[in-house]
Amino acid sequence: MRIVFSDLDGTLLTSDKRLSPRTVAALDWLAKAGIEFAPCSGRPLVGLLPELLAHPAVHYAVCANGALVCRVGEVDASAELGAVPSGEVLHREDMGAGPVLALYDVLKDHDVLFDVFGDGGVYVERARFERMDRFGLSGALLAQMRRMRTPMDATIPEIVAGLRHVERVSVYWRHREDRDLATRTVESMPGLTWVSSLPTNVEVSSERATKGAALQWLCDYLGIPVSEAVAFGDGLNDATMLAAAGDGVAMANAVPETLAVANHVCDSNDADGVARYLENLLG
């Protein structure tokens with residue numbers, strides 16, 4: 001084992017969105033052993049915990065479901081979530097403005113949240129932002145999502161026009177027919193793919209932007225064989241990452257599709273599954 005990739009929500013973090021003391025201790029052991037730890041999340045860079053980014057085991061992060069691979073710069077561990085960390089984009093796979101606008105045109109009159117991930121942030125129309133509490137999101141998750149998003153007094157076409165890069169889109173739905181409309185539309189558009197990380201969302205990006213592809217890219221960049229990578233995840237958006245790693249480890253709370261591609265299964269995120277598994281590897 002020379003590098004560890006891990007999803008955050010439902011994997012590394014507890015359900016109340018914390019790093020447990022046991023997890024921090026496992027990261028400390030990785031740092032002492034000279035083993036890289038790369039957070040690999042659907043979140044933007046500004047949505048990653050400053051405490052995690054500041055850890056000495058963390059020098060790289062995969063964001064927006066693999067659309068971005070970043071080198072992490074100086075980070076204040078005590079900063080609030082949503083503070084803009086320093087960093088450098090090493091690799092990107094943009095979704096592009098055209099597909100975003102085409103998807104929005106289909107969904108704009110439906111009861112959905114439509115979040116645009118671009119230039120390292122997340123942007124949403126203010127009217128939709130103010131309805132976030134209607135989509136069945138838990139208290140901790142809802143608070144986290146609000147901190148990561150920037151509500152705009154502008155339409156999605158206006159928001160997109162102001163961005164240099166568009167990395168992905170996240171659609172949250174209340175009605176199954178809206179979910180089906182979103183996925184059908186994406187599947188009809190060449191070059192796009194969709195996954196989900198929560199029961200009520202659809203995450204859309206370039207078909208080249210997956211966590212698995214980002215894992216392979218970063219391993220190549222660092223000169224580390226993929227066979228020496230360990231990856232942890234629970235959601236559908238983690239399946240490609242677990243399949244690509246030398247040792248893909250699904251959480252006990254993982255969805256069936258991710259469990260199916262895993263080499264091993266560890267305890268749940270609320271039972272320190274990642275930390276316990278790493279403790280066994282590190283002896």
# chains A, B, ... in the order shown; residues from 1 in each chain; ligands from 1

call {"tool": "select_by_dssp", "arguments": {"residues": "range 69-218 of chain A", "states": "alpha helix (DSSP H)", "output": "PyMOL selection string"}}
result
chain A and resi 97-107+126-129+139-148+156-161+176-187+211-218

call {"tool": "write_last_selection", "arguments": {"atoms": "C-alpha atoms", "output": "compact mmCIF listing (two decimals), in the first residue's frame"}}
result
# COMPACT_ATOMS: atom_id res chain seq x y z
CA ALA A 97 -21.50 24.67 -20.79
CA GLY A 98 -23.53 23.25 -23.69
CA PRO A 99 -24.69 20.03 -22.01
CA VAL A 100 -25.48 21.91 -18.79
CA LEU A 101 -27.76 24.32 -20.61
CA ALA A 102 -29.43 21.52 -22.57
CA LEU A 103 -30.16 19.57 -19.38
CA TYR A 104 -31.39 22.70 -17.61
CA ASP A 105 -33.74 23.46 -20.47
CA VAL A 106 -35.41 20.08 -19.92
CA LEU A 107 -35.62 20.39 -16.11
CA ARG A 126 -31.48 31.65 -5.17
CA ALA A 127 -35.12 30.52 -5.45
CA ARG A 128 -34.03 26.87 -5.62
CA PHE A 129 -31.49 27.37 -2.82
CA GLY A 139 -30.06 18.24 9.25
CA ALA A 140 -26.28 17.76 9.09
CA LEU A 141 -26.30 17.17 5.34
CA LEU A 142 -28.58 20.12 4.65
CA ALA A 143 -26.41 22.46 6.72
CA GLN A 144 -23.28 21.23 4.95
CA MET A 145 -24.84 21.65 1.51
CA ARG A 146 -25.92 25.19 2.27
CA ARG A 147 -22.38 26.13 3.40
CA MET A 148 -20.89 24.73 0.17
CA ILE A 156 -28.54 29.06 -14.72
CA PRO A 157 -27.67 30.32 -18.25
CA GLU A 158 -26.41 33.56 -16.67
CA ILE A 159 -24.45 31.66 -14.02
CA VAL A 160 -22.85 29.36 -16.58
CA ALA A 161 -21.91 32.31 -18.80
CA ARG A 176 -39.46 9.82 -9.22
CA GLU A 177 -40.63 10.97 -12.65
CA ASP A 178 -38.23 13.93 -12.42
CA ARG A 179 -35.37 11.60 -11.61
CA ASP A 180 -36.27 9.40 -14.57
CA LEU A 181 -36.52 12.44 -16.86
CA ALA A 182 -33.06 13.59 -15.78
CA THR A 183 -31.41 10.20 -16.30
CA ARG A 184 -33.13 9.60 -19.66
CA THR A 185 -31.98 13.00 -20.87
CA VAL A 186 -28.40 12.40 -19.78
CA GLU A 187 -28.34 8.95 -21.38
CA LYS A 211 -13.41 8.64 -9.54
CA GLY A 212 -11.83 5.55 -11.05
CA ALA A 213 -10.26 7.49 -13.92
CA ALA A 214 -8.99 10.12 -11.47
CA LEU A 215 -7.44 7.41 -9.29
CA GLN A 216 -5.60 6.02 -12.30
CA TRP A 217 -4.48 9.49 -13.38
CA LEU A 218 -3.07 10.42 -9.96

call {"tool": "closest_atom_pairs", "arguments": {"of": "range 135-166 of chain A", "to": "range 188-209 of chain A", "cutoff": "9 Å", "atoms": "only C-alpha atoms", "output": "Markdown table"}}
result
| residue | atom | partner | partner_atom | distance |
| --- | --- | --- | --- | --- |
| A:Phe135 | CA | A:Thr200 | CA | 7.7 |
| A:Gly136 | CA | A:Thr200 | CA | 8.1 |
| A:Leu137 | CA | A:Thr200 | CA | 8.7 |

call {"tool": "write_last_selection", "arguments": {"atoms": "C-alpha atoms", "output": "PDB file, in the first residue's frame"}}
result
ATOM      1  CA  PHE A 135     -35.883  17.548  -0.569  1.00  0.00           C
ATOM      2  CA  GLY A 136     -35.637  15.163   2.384  1.00  0.00           C
ATOM      3  CA  LEU A 137     -32.062  16.051   3.314  1.00  0.00           C
TER       4      LEU A 137
END

call {"tool": "closest_residue", "arguments": {"among": "A:Ser15, A:Leu163, A:Arg22, A:Pro256", "to": "Asp234 in chain A", "atoms": "only C-alpha atoms"}}
result
A:Pro256

call {"tool": "residues_around", "arguments": {"residues": "Ala67 in chain A", "least_positions_apart": "6", "cutoff": "6 Å", "atoms": "only C-alpha atoms", "output": "PDB file with C-alpha atoms, in the first residue's frame"}}
result
ATOM      1  CA  ARG A  92      -9.575  18.350 -15.201  1.00  0.00           C
ATOM      2  CA  GLU A  93     -12.362  16.808 -17.257  1.00  0.00           C
ATOM      3  CA  GLU A 167     -17.215  20.464 -13.873  1.00  0.00           C
ATOM      4  CA  ALA A 209     -14.821  12.282 -15.211  1.00  0.00           C
TER       5      ALA A 209
END

call {"tool": "closest_residue", "arguments": {"among": "A:Tyr277, A:Phe114, A:Trp29, A:Phe37", "to": "Ala61 in chain A", "atoms": "only C-alpha atoms"}}
result
A:Phe37

call {"tool": "closest_residue", "arguments": {"among": "A:Glu125, A:Val274, A:Asp133, A:Ala154", "to": "Arg174 in chain A", "atoms": "only C-alpha atoms"}}
result
A:Asp133

call {"tool": "residues_around", "arguments": {"residues": "His264 in chain A", "least_positions_apart": "2", "cutoff": "7 Å", "atoms": "only C-alpha atoms", "output": "list in words"}}
result
Gly248, Val249, Ala250, Ala262 and Cys266 of chain A

call {"tool": "write_last_selection", "arguments": {"atoms": "all heavy atoms", "output": "short mmCIF file (atom, residue, chain, number, x, y, z; two decimals), in the first residue's frame"}}
result
data_model
loop_
_atom_site.label_atom_id
_atom_site.label_comp_id
_atom_site.auth_asym_id
_atom_site.auth_seq_id
_atom_site.Cartn_x
_atom_site.Cartn_y
_atom_site.Cartn_z
N GLY A 248 -10.06 -2.60 -3.57
CA GLY A 248 -11.26 -1.79 -3.45
C GLY A 248 -12.08 -2.27 -2.26
O GLY A 248 -12.48 -3.43 -2.21
N VAL A 249 -12.33 -1.37 -1.32
CA VAL A 249 -12.99 -1.74 -0.07
C VAL A 249 -14.32 -1.00 0.05
O VAL A 249 -14.35 0.23 0.10
CB VAL A 249 -12.10 -1.41 1.15
CG1 VAL A 249 -12.74 -1.92 2.44
CG2 VAL A 249 -10.70 -1.99 0.98
N ALA A 250 -15.40 -1.75 0.10
CA ALA A 250 -16.73 -1.16 0.27
C ALA A 250 -17.08 -1.10 1.74
O ALA A 250 -16.73 -1.99 2.52
CB ALA A 250 -17.78 -1.98 -0.48
N ALA A 262 -16.33 -4.65 -5.07
CA ALA A 262 -15.29 -4.53 -4.04
C ALA A 262 -14.52 -5.84 -3.86
O ALA A 262 -15.07 -6.93 -4.03
CB ALA A 262 -15.93 -4.13 -2.72
N CYS A 266 -15.58 -3.50 4.71
CA CYS A 266 -15.18 -3.14 6.07
C CYS A 266 -16.41 -2.65 6.85
O CYS A 266 -17.52 -2.58 6.31
CB CYS A 266 -14.09 -2.07 6.05
SG CYS A 266 -14.62 -0.45 5.45
#

call {"tool": "select_by_dssp", "arguments": {"residues": "range 97-126 of chain A", "states": "strand (DSSP E)", "output": "PyMOL selection string"}}
result
chain A and resi 112-118+121-125

call {"tool": "write_last_selection", "arguments": {"atoms": "all heavy atoms", "output": "compact mmCIF listing (two decimals), in the first residue's frame"}}
result
# COMPACT_ATOMS: atom_id res chain seq x y z
N VAL A 112 -37.05 20.52 -8.91
CA VAL A 112 -35.73 19.95 -8.66
C VAL A 112 -34.79 21.05 -8.18
O VAL A 112 -35.01 22.24 -8.42
CB VAL A 112 -35.13 19.29 -9.92
CG1 VAL A 112 -36.00 18.13 -10.40
CG2 VAL A 112 -34.91 20.31 -11.03
N LEU A 113 -33.73 20.63 -7.50
CA LEU A 113 -32.58 21.50 -7.28
C LEU A 113 -31.61 21.27 -8.43
O LEU A 113 -31.41 20.12 -8.85
CB LEU A 113 -31.89 21.17 -5.95
CG LEU A 113 -32.72 21.32 -4.67
CD1 LEU A 113 -31.88 20.90 -3.47
CD2 LEU A 113 -33.24 22.73 -4.52
N PHE A 114 -31.00 22.32 -8.92
CA PHE A 114 -30.09 22.22 -10.06
C PHE A 114 -28.82 22.97 -9.68
O PHE A 114 -28.77 24.20 -9.76
CB PHE A 114 -30.75 22.81 -11.31
CG PHE A 114 -30.07 22.45 -12.60
CD1 PHE A 114 -30.56 21.41 -13.39
CD2 PHE A 114 -28.95 23.14 -13.05
CE1 PHE A 114 -29.96 21.07 -14.60
CE2 PHE A 114 -28.34 22.82 -14.24
CZ PHE A 114 -28.83 21.77 -15.03
N ASP A 115 -27.80 22.23 -9.26
CA ASP A 115 -26.56 22.83 -8.77
C ASP A 115 -25.48 22.71 -9.83
O ASP A 115 -25.24 21.62 -10.36
CB ASP A 115 -26.07 22.10 -7.51
CG ASP A 115 -27.08 22.13 -6.37
OD1 ASP A 115 -27.90 23.07 -6.34
OD2 ASP A 115 -27.04 21.22 -5.54
N VAL A 116 -24.80 23.80 -10.12
CA VAL A 116 -23.72 23.82 -11.10
C VAL A 116 -22.38 23.91 -10.37
O VAL A 116 -22.13 24.85 -9.62
CB VAL A 116 -23.86 25.01 -12.07
CG1 VAL A 116 -22.67 25.05 -13.03
CG2 VAL A 116 -25.16 24.91 -12.84
N PHE A 117 -21.54 22.90 -10.61
CA PHE A 117 -20.19 22.88 -10.05
C PHE A 117 -19.26 23.49 -11.11
O PHE A 117 -19.08 22.92 -12.19
CB PHE A 117 -19.75 21.46 -9.75
CG PHE A 117 -20.42 20.84 -8.55
CD1 PHE A 117 -21.80 20.68 -8.50
CD2 PHE A 117 -19.67 20.39 -7.48
CE1 PHE A 117 -22.41 20.11 -7.40
CE2 PHE A 117 -20.27 19.80 -6.37
CZ PHE A 117 -21.65 19.67 -6.33
N GLY A 118 -18.67 24.63 -10.78
CA GLY A 118 -17.80 25.28 -11.75
C GLY A 118 -16.75 26.14 -11.08
O GLY A 118 -17.00 26.72 -10.01
N GLY A 121 -16.33 25.90 -7.31
CA GLY A 121 -17.41 26.20 -6.38
C GLY A 121 -18.70 25.54 -6.83
O GLY A 121 -18.74 24.80 -7.81
N VAL A 122 -19.79 25.83 -6.11
CA VAL A 122 -21.12 25.31 -6.45
C VAL A 122 -22.09 26.48 -6.46
O VAL A 122 -22.20 27.22 -5.48
CB VAL A 122 -21.61 24.25 -5.44
CG1 VAL A 122 -22.89 23.60 -5.96
CG2 VAL A 122 -20.55 23.20 -5.17
N TYR A 123 -22.83 26.62 -7.56
CA TYR A 123 -23.70 27.77 -7.76
C TYR A 123 -25.13 27.31 -8.04
O TYR A 123 -25.34 26.33 -8.76
CB TYR A 123 -23.17 28.64 -8.91
CG TYR A 123 -21.76 29.09 -8.65
CD1 TYR A 123 -20.68 28.34 -9.12
CD2 TYR A 123 -21.50 30.23 -7.90
CE1 TYR A 123 -19.37 28.72 -8.86
CE2 TYR A 123 -20.19 30.63 -7.63
CZ TYR A 123 -19.14 29.87 -8.11
OH TYR A 123 -17.85 30.24 -7.83
N VAL A 124 -26.09 28.04 -7.48
CA VAL A 124 -27.49 27.65 -7.60
C VAL A 124 -28.35 28.91 -7.65
O VAL A 124 -28.00 29.94 -7.06
CB VAL A 124 -27.89 26.74 -6.41
CG1 VAL A 124 -27.70 27.44 -5.08
CG2 VAL A 124 -29.31 26.24 -6.55
N GLU A 125 -29.44 28.84 -8.38
CA GLU A 125 -30.39 29.95 -8.39
C GLU A 125 -30.96 30.14 -6.97
O GLU A 125 -31.29 29.17 -6.29
CB GLU A 125 -31.53 29.65 -9.36
CG GLU A 125 -31.09 29.58 -10.82
CD GLU A 125 -32.10 28.90 -11.71
OE1 GLU A 125 -32.76 27.94 -11.24
OE2 GLU A 125 -32.22 29.30 -12.86
